[in-house]
>>> print(open('structure27.csv').read())   # CSV, C-alpha atoms and all ligand atoms
chain,number,residue,atom,x,y,z
O,1,MET,CA,-13.0,-41.5,21.0
O,2,LYS,CA,-11.2,-42.0,17.7
O,3,ASN,CA,-13.3,-39.1,16.2
O,4,PHE,CA,-12.4,-37.0,19.2
O,5,ALA,CA,-8.7,-37.6,18.6
O,6,LYS,CA,-9.1,-36.7,14.9
O,7,ILE,CA,-10.9,-33.5,15.7
O,8,ALA,CA,-8.3,-32.6,18.3
O,9,ALA,CA,-5.5,-33.3,15.8
O,10,ALA,CA,-7.3,-31.2,13.2
O,11,LEU,CA,-7.8,-28.3,15.7
O,12,LEU,CA,-4.2,-28.5,16.7
O,13,ALA,CA,-3.0,-28.4,13.1
O,14,GLY,CA,-5.2,-25.4,12.5
O,15,ALA,CA,-3.9,-23.7,15.6
O,16,VAL,CA,-0.3,-24.3,14.5
O,17,ALA,CA,-1.0,-23.0,11.0
O,18,LEU,CA,-2.7,-19.9,12.4
O,19,SER,CA,0.2,-19.2,14.8
O,20,ALA,CA,2.6,-19.6,11.9
O,21,MET,CA,0.4,-17.0,10.0
O,22,ALA,CA,0.3,-14.8,13.1
O,23,ASP,CA,4.1,-14.7,13.2
O,24,ARG,CA,4.3,-13.3,9.7
O,25,PRO,CA,4.9,-9.5,9.3
O,26,LEU,CA,1.8,-7.4,8.6
O,27,VAL,CA,1.8,-5.6,5.3
O,28,VAL,CA,1.7,-1.7,5.2
O,29,ALA,CA,1.1,-0.1,1.9
O,30,HIS,CA,3.4,2.9,1.5
O,31,ARG,CA,1.5,6.1,0.5
O,32,GLY,CA,-1.4,3.8,-0.2
O,33,TYR,CA,-1.3,1.2,-3.0
O,34,TRP,CA,-0.5,3.8,-5.6
O,35,ASP,CA,1.1,1.4,-8.1
O,36,ALA,CA,-2.4,0.4,-9.2
O,37,PRO,CA,-4.6,1.5,-12.1
O,38,GLY,CA,-6.0,4.9,-11.6
O,39,ALA,CA,-4.1,5.5,-8.3
O,40,SER,CA,-1.4,7.9,-7.4
O,41,GLN,CA,0.6,8.4,-4.2
O,42,ASN,CA,-1.4,9.5,-1.2
O,43,SER,CA,-4.7,9.7,-3.3
O,44,LEU,CA,-8.1,8.5,-2.0
O,45,ARG,CA,-7.9,5.8,-4.7
O,46,SER,CA,-4.6,4.5,-3.4
O,47,LEU,CA,-6.3,4.1,0.0
O,48,VAL,CA,-9.1,2.1,-1.5
O,49,LYS,CA,-6.7,0.0,-3.5
O,50,ALA,CA,-4.6,-0.8,-0.4
O,51,ASP,CA,-7.8,-2.1,1.2
O,52,SER,CA,-8.8,-4.0,-1.9
O,53,VAL,CA,-5.5,-6.0,-2.1
O,54,GLY,CA,-5.7,-7.0,1.6
O,55,ALA,CA,-3.0,-4.7,3.1
O,56,TYR,CA,-3.2,-4.6,6.9
O,57,ALA,CA,-2.6,-0.9,6.9
O,58,SER,CA,-2.0,2.1,4.6
O,59,GLU,CA,0.5,4.8,5.3
O,60,PHE,CA,0.1,8.4,4.3
O,61,ASP,CA,1.9,11.7,4.8
O,62,VAL,CA,0.5,14.9,6.4
O,63,TRP,CA,1.4,18.6,6.1
O,64,ARG,CA,-0.3,21.6,7.6
O,65,SER,CA,-1.2,24.6,5.4
O,66,THR,CA,-0.6,28.2,6.6
O,67,ASP,CA,-4.2,28.5,7.6
O,68,GLY,CA,-4.2,25.3,9.6
O,69,VAL,CA,-5.7,22.7,7.2
O,70,LEU,CA,-4.1,19.3,7.2
O,71,PHE,CA,-3.3,17.9,3.7
O,72,VAL,CA,-2.1,14.5,2.6
O,73,ASN,CA,0.9,14.6,0.3
O,74,HIS,CA,4.5,13.3,0.5
O,75,ASP,CA,6.7,16.0,-0.9
O,76,MET,CA,7.0,19.4,0.8
O,77,LYS,CA,7.1,21.0,-2.6
O,78,PHE,CA,4.7,19.4,-5.1
O,79,LYS,CA,3.8,20.7,-8.5
O,80,GLY,CA,5.3,24.1,-7.6
O,81,VAL,CA,3.4,24.4,-4.3
O,82,THR,CA,5.2,24.2,-1.0
O,83,VAL,CA,2.3,22.7,1.0
O,84,CYS,CA,3.3,23.9,4.4
O,85,GLU,CA,3.8,27.5,3.1
O,86,ALA,CA,0.6,27.6,1.1
O,87,SER,CA,-2.9,28.5,2.0
O,88,SER,CA,-5.5,25.7,1.9
O,89,THR,CA,-7.0,27.3,-1.2
O,90,VAL,CA,-3.7,26.9,-3.1
O,91,ALA,CA,-2.8,23.5,-1.7
O,92,GLY,CA,-6.3,22.2,-2.3
O,93,SER,CA,-6.1,23.2,-6.0
O,94,VAL,CA,-3.1,21.0,-6.7
O,95,VAL,CA,-4.1,18.1,-8.9
O,96,LEU,CA,-2.5,14.7,-8.5
O,97,ASP,CA,-1.4,12.6,-11.4
O,98,ASN,CA,-4.6,10.5,-11.3
O,99,GLY,CA,-6.8,13.6,-11.6
O,100,GLU,CA,-7.8,13.9,-7.9
O,101,SER,CA,-7.2,17.1,-6.0
O,102,MET,CA,-4.7,16.8,-3.2
O,103,PRO,CA,-6.8,15.4,-0.4
O,104,THR,CA,-7.2,17.0,2.9
O,105,LEU,CA,-6.7,14.8,5.9
O,106,GLU,CA,-10.4,15.0,6.6
O,107,GLN,CA,-11.2,13.8,3.1
O,108,LEU,CA,-8.8,10.9,3.4
O,109,LEU,CA,-10.3,9.9,6.8
O,110,ARG,CA,-13.9,10.0,5.4
O,111,GLN,CA,-12.7,7.5,2.8
O,112,ALA,CA,-11.1,5.5,5.5
O,113,GLN,CA,-14.4,5.4,7.4
O,114,GLN,CA,-15.7,3.4,4.5
O,115,LEU,CA,-12.9,0.8,4.8
O,116,PRO,CA,-13.4,-0.6,8.3
O,117,GLY,CA,-10.9,-3.4,7.8
O,118,LEU,CA,-7.9,-1.1,7.0
O,119,ARG,CA,-5.6,0.3,9.7
O,120,LEU,CA,-4.0,3.7,9.2
O,121,VAL,CA,-0.4,4.8,9.5
O,122,PHE,CA,-0.3,8.6,9.9
O,123,GLU,CA,3.0,10.2,9.1
O,124,LEU,CA,3.5,13.7,10.2
O,125,LYS,CA,6.1,15.3,8.0
O,126,GLU,CA,8.9,17.3,9.6
O,127,HIS,CA,7.9,20.9,9.3
O,128,PRO,CA,10.4,23.8,9.2
O,129,ASP,CA,8.0,25.7,11.5
O,130,LYS,CA,8.0,23.7,14.7
O,131,ASP,CA,5.0,25.6,16.1
O,132,ALA,CA,2.9,24.5,13.1
O,133,GLU,CA,4.2,21.0,13.5
O,134,ALA,CA,3.2,20.9,17.2
O,135,LEU,CA,-0.3,22.2,16.2
O,136,ALA,CA,-0.5,19.5,13.5
O,137,VAL,CA,0.2,16.8,16.1
O,138,GLU,CA,-2.7,18.0,18.3
O,139,GLU,CA,-5.1,18.7,15.4
O,140,GLY,CA,-4.3,15.4,13.7
O,141,VAL,CA,-4.9,13.2,16.7
O,142,ARG,CA,-8.0,15.1,17.6
O,143,MET,CA,-9.4,14.6,14.1
O,144,ILE,CA,-8.7,10.9,14.1
O,145,GLU,CA,-10.5,10.7,17.5
O,146,GLU,CA,-13.5,12.8,16.3
O,147,MET,CA,-13.9,10.7,13.2
O,148,GLY,CA,-14.0,7.5,15.2
O,149,LEU,CA,-10.6,6.2,13.9
O,150,ALA,CA,-8.6,6.2,17.1
O,151,GLY,CA,-8.8,2.4,17.5
O,152,ARG,CA,-7.1,1.8,14.2
O,153,THR,CA,-4.5,4.5,13.7
O,154,ASP,CA,-0.8,4.6,14.4
O,155,TYR,CA,1.6,7.5,14.2
O,156,ILE,CA,5.1,7.8,12.6
O,157,THR,CA,7.4,10.7,12.2
O,158,PHE,CA,11.0,11.7,11.5
O,159,SER,CA,10.6,14.7,13.8
O,160,LYS,CA,11.9,14.1,17.4
O,161,GLU,CA,9.5,16.9,18.6
O,162,ALA,CA,6.5,15.3,16.9
O,163,LEU,CA,7.5,11.9,18.3
O,164,ILE,CA,7.4,13.3,21.8
O,165,GLY,CA,4.1,15.1,21.0
O,166,PHE,CA,2.4,12.0,19.7
O,167,ALA,CA,3.7,10.0,22.7
O,168,ARG,CA,1.9,12.6,24.9
O,169,VAL,CA,-1.5,12.8,23.0
O,170,ALA,CA,-2.0,9.6,21.1
O,171,PRO,CA,-4.7,7.4,22.6
O,172,GLU,CA,-3.8,4.2,24.5
O,173,GLY,CA,-3.2,1.3,22.1
O,174,SER,CA,-1.8,3.5,19.2
O,175,LEU,CA,1.8,2.8,18.1
O,176,VAL,CA,4.0,5.8,18.2
O,177,GLN,CA,6.9,5.0,15.9
O,178,TYR,CA,10.1,6.9,15.2
O,179,LEU,CA,11.4,6.9,11.6
O,180,GLY,CA,14.8,8.6,11.9
O,181,GLY,CA,17.0,5.6,12.5
O,182,ASP,CA,19.5,7.6,14.6
O,183,LEU,CA,18.1,6.5,18.0
O,184,THR,CA,18.4,3.1,19.7
O,185,PRO,CA,15.2,1.4,20.6
O,186,ALA,CA,15.9,2.3,24.2
O,187,GLN,CA,16.3,6.0,23.3
O,188,VAL,CA,13.0,6.0,21.4
O,189,LYS,CA,11.3,4.3,24.4
O,190,ALA,CA,12.8,6.9,26.7
O,191,VAL,CA,10.9,9.7,25.0
O,192,GLY,CA,7.6,7.8,24.9
O,193,GLY,CA,7.7,5.9,21.6
O,194,ASN,CA,6.6,2.3,21.5
O,195,ALA,CA,7.9,1.2,18.1
O,196,ILE,CA,10.8,1.8,15.7
O,197,ASP,CA,10.0,2.2,12.0
O,198,TYR,CA,13.5,2.2,10.4
O,199,SER,CA,14.7,1.8,6.9
O,200,ILE,CA,15.8,-1.6,5.6
O,201,GLY,CA,19.3,-0.2,5.2
O,202,THR,CA,19.5,0.9,8.9
O,203,LEU,CA,18.2,-2.4,10.2
O,204,ARG,CA,20.5,-4.5,8.0
O,205,ARG,CA,23.4,-2.5,9.5
O,206,ARG,CA,21.9,-2.7,13.0
O,207,PRO,CA,20.0,-6.0,13.1
O,208,GLU,CA,20.5,-6.1,16.9
O,209,TRP,CA,18.0,-3.2,17.2
O,210,ILE,CA,15.2,-5.7,16.2
O,211,SER,CA,15.9,-7.9,19.2
O,212,GLN,CA,16.6,-4.9,21.5
O,213,ALA,CA,13.2,-3.5,20.5
O,214,ARG,CA,11.5,-6.8,21.2
O,215,GLU,CA,13.1,-7.1,24.6
O,216,LEU,CA,11.8,-3.6,25.4
O,217,GLY,CA,8.3,-4.7,24.4
O,218,MET,CA,8.4,-2.4,21.3
O,219,LYS,CA,7.2,-3.2,17.8
O,220,VAL,CA,9.4,-3.1,14.7
O,221,ASN,CA,8.3,-1.7,11.3
O,222,VAL,CA,10.6,-1.5,8.3
O,223,TRP,CA,10.5,0.9,5.3
O,224,THR,CA,10.5,0.8,2.3
O,225,VAL,CA,10.9,-2.8,1.4
O,226,ASP,CA,10.4,-3.5,-2.3
O,227,ARG,CA,13.0,-6.1,-3.2
O,228,PRO,CA,12.0,-9.7,-2.6
O,229,GLU,CA,15.3,-10.5,-0.9
O,230,ASP,CA,14.8,-7.7,1.6
O,231,MET,CA,11.2,-8.8,2.1
O,232,GLN,CA,12.5,-12.3,2.9
O,233,TRP,CA,15.1,-10.9,5.3
O,234,CYS,CA,12.4,-9.0,7.2
O,235,ILE,CA,10.3,-12.1,7.4
O,236,ASP,CA,13.3,-14.2,8.6
O,237,MET,CA,14.1,-11.5,11.2
O,238,GLY,CA,10.6,-11.6,12.5
O,239,VAL,CA,9.7,-7.9,12.2
O,240,ASP,CA,6.1,-7.0,13.0
O,241,TYR,CA,5.4,-4.8,10.0
O,242,ILE,CA,6.8,-4.3,6.5
O,243,THR,CA,6.1,-1.1,4.7
O,244,THR,CA,6.2,-1.5,0.9
O,245,ASN,CA,5.3,0.0,-2.4
O,246,GLN,CA,4.6,-3.6,-3.5
O,247,PRO,CA,1.9,-5.0,-1.2
O,248,VAL,CA,0.8,-7.5,-3.7
O,249,VAL,CA,4.3,-8.9,-4.3
O,250,LEU,CA,4.8,-9.1,-0.5
O,251,ARG,CA,1.5,-10.9,0.2
O,252,ARG,CA,2.2,-13.4,-2.6
O,253,LEU,CA,5.7,-14.0,-1.2
O,254,MET,CA,4.2,-14.7,2.3
O,255,GLU,CA,1.5,-16.9,0.9
O,256,GLU,CA,4.1,-19.0,-1.0
O,257,ALA,CA,6.1,-19.3,2.2
O,258,GLU,CA,2.9,-20.5,4.0
O,259,LYS,CA,2.4,-23.2,1.3
O,260,THR,CA,5.9,-24.5,1.4
O,261,GLY,CA,6.1,-24.2,5.2
O,262,LYS,CA,9.1,-22.0,5.2
O,301,MG,MG,5.7,8.5,4.6
>>> encode(input="structure27.csv", output="structure tokens", more="lines below")
Ligand code: MG
Amino acid sequence: MKNFAKIAAALLAGAVALSAMADRPLVVAHRGYWDAPGASQNSLRSLVKADSVGAYASEFDVWRSTDGVLFVNHDMKFKGVTVCEASSTVAGSVVLDNGESMPTLEQLLRQAQQLPGLRLVFELKEHPDKDAEALAVEEGVRMIEEMGLAGRTDYITFSKEALIGFARVAPEGSLVQYLGGDLTPAQVKAVGGNAIDYSIGTLRRRPEWISQARELGMKVNVWTVDRPEDMQWCIDMGVDYITTNQPVVLRRLMEEAEKTGK
């Protein structure tokens, strides 16, 4: 009986520790973990590095070339090439700082298939050509599904049109998150979004949006949180995800908090 009580106490302590862990925000590497040897933003290597440092998810940015190939890159214009106004031949010939070619979405997803523990956060960039953007929503979600990644991909965008598009076509269980910061959680939900992904500056000004989102059953993601005091603020506010260029620093900060019971 004494042993039983001991085991029960140990199990309870474990459960409490686990639930404390479960309350911590999950770490999203912004444009992959690019601040690592041999990596650069939105490269295949940055995806591998995000996985290797234990990030929950890795975020990447998507553009559509004029001939309908989806590419992964942050800037609309990069190394003299405007990705959404270039052919796939031209976009694919751009070399990243780490020596890789600018990856297509397909190449990035093939890499992701080798990293089964990593979730993906697919940002569709706001395209000047709204018809191309609408096609990119459909084509992106279809490719994610065909490559068997639908169960571990979420979608984010600044584009209100793409937000509505993703809400319509993203599979059940995906988060569809709005980045703009100019809509209340209720307004995002009204057009089909189920999460806000707002800047740290926006949420520090409008912290009530975090509780409003929660009351509406929505998730809260925050970008781009690199300063330890902002990381701590997000943890204290109980957000669900923190998107950061510094996933290692954030993980360390949360591990320290676990140890000290804060
Ligand atoms: Mg992005």
>>> residues_near_point(input="structure27.csv", point="(0.6, 23.0, 10.7)", cutoff="9 Å", atoms="all atoms listed in the file", output="JSON, numbers by chain")
{"O": [63, 64, 65, 66, 67, 68, 69, 70, 84, 127, 129, 130, 131, 132, 133, 134, 135, 136, 137, 139]}
>>> closest_residue(input="structure27.csv", among="O:Leu26, O:Ala55, O:Met76, O:Met254", to="ligand MG 301 (chain O)", atoms="all atoms listed in the file")
O:Met76
>>> residues_around(input="structure27.csv", residues="Val27 (chain O)", least_positions_apart="2", cutoff="9 Å", atoms="all atoms listed in the file", output="list in words")
Pro25, Ala29, Gly54, Ala55, Tyr56, Ala57, Ser58, Asp240, Tyr241, Ile242, Thr243, Thr244, Pro247, Leu250 and Arg251 of chain O
>>> atom_distance(input="structure27.csv", atom1="CA of Val220 (chain O)", atom2="CA of Lys49 (chain O)")
24.5 Å
>>> residues_near_ligand(input="structure27.csv", ligand="ligand MG 301 (chain O)", cutoff="6 Å", atoms="only C-alpha atoms and all ligand atoms", output="list in words")
Phe60, Asp61 and Glu123 of chain O
>>> closest_residue(input="structure27.csv", among="O:Arg206, O:Leu163, O:Pro171, O:Gly217", to="Gly193 (chain O)", atoms="only C-alpha atoms")
O:Leu163
>>> atom_distance(input="structure27.csv", atom1="CA of Arg205 (chain O)", atom2="CA of Trp233 (chain O)")
12.5 Å
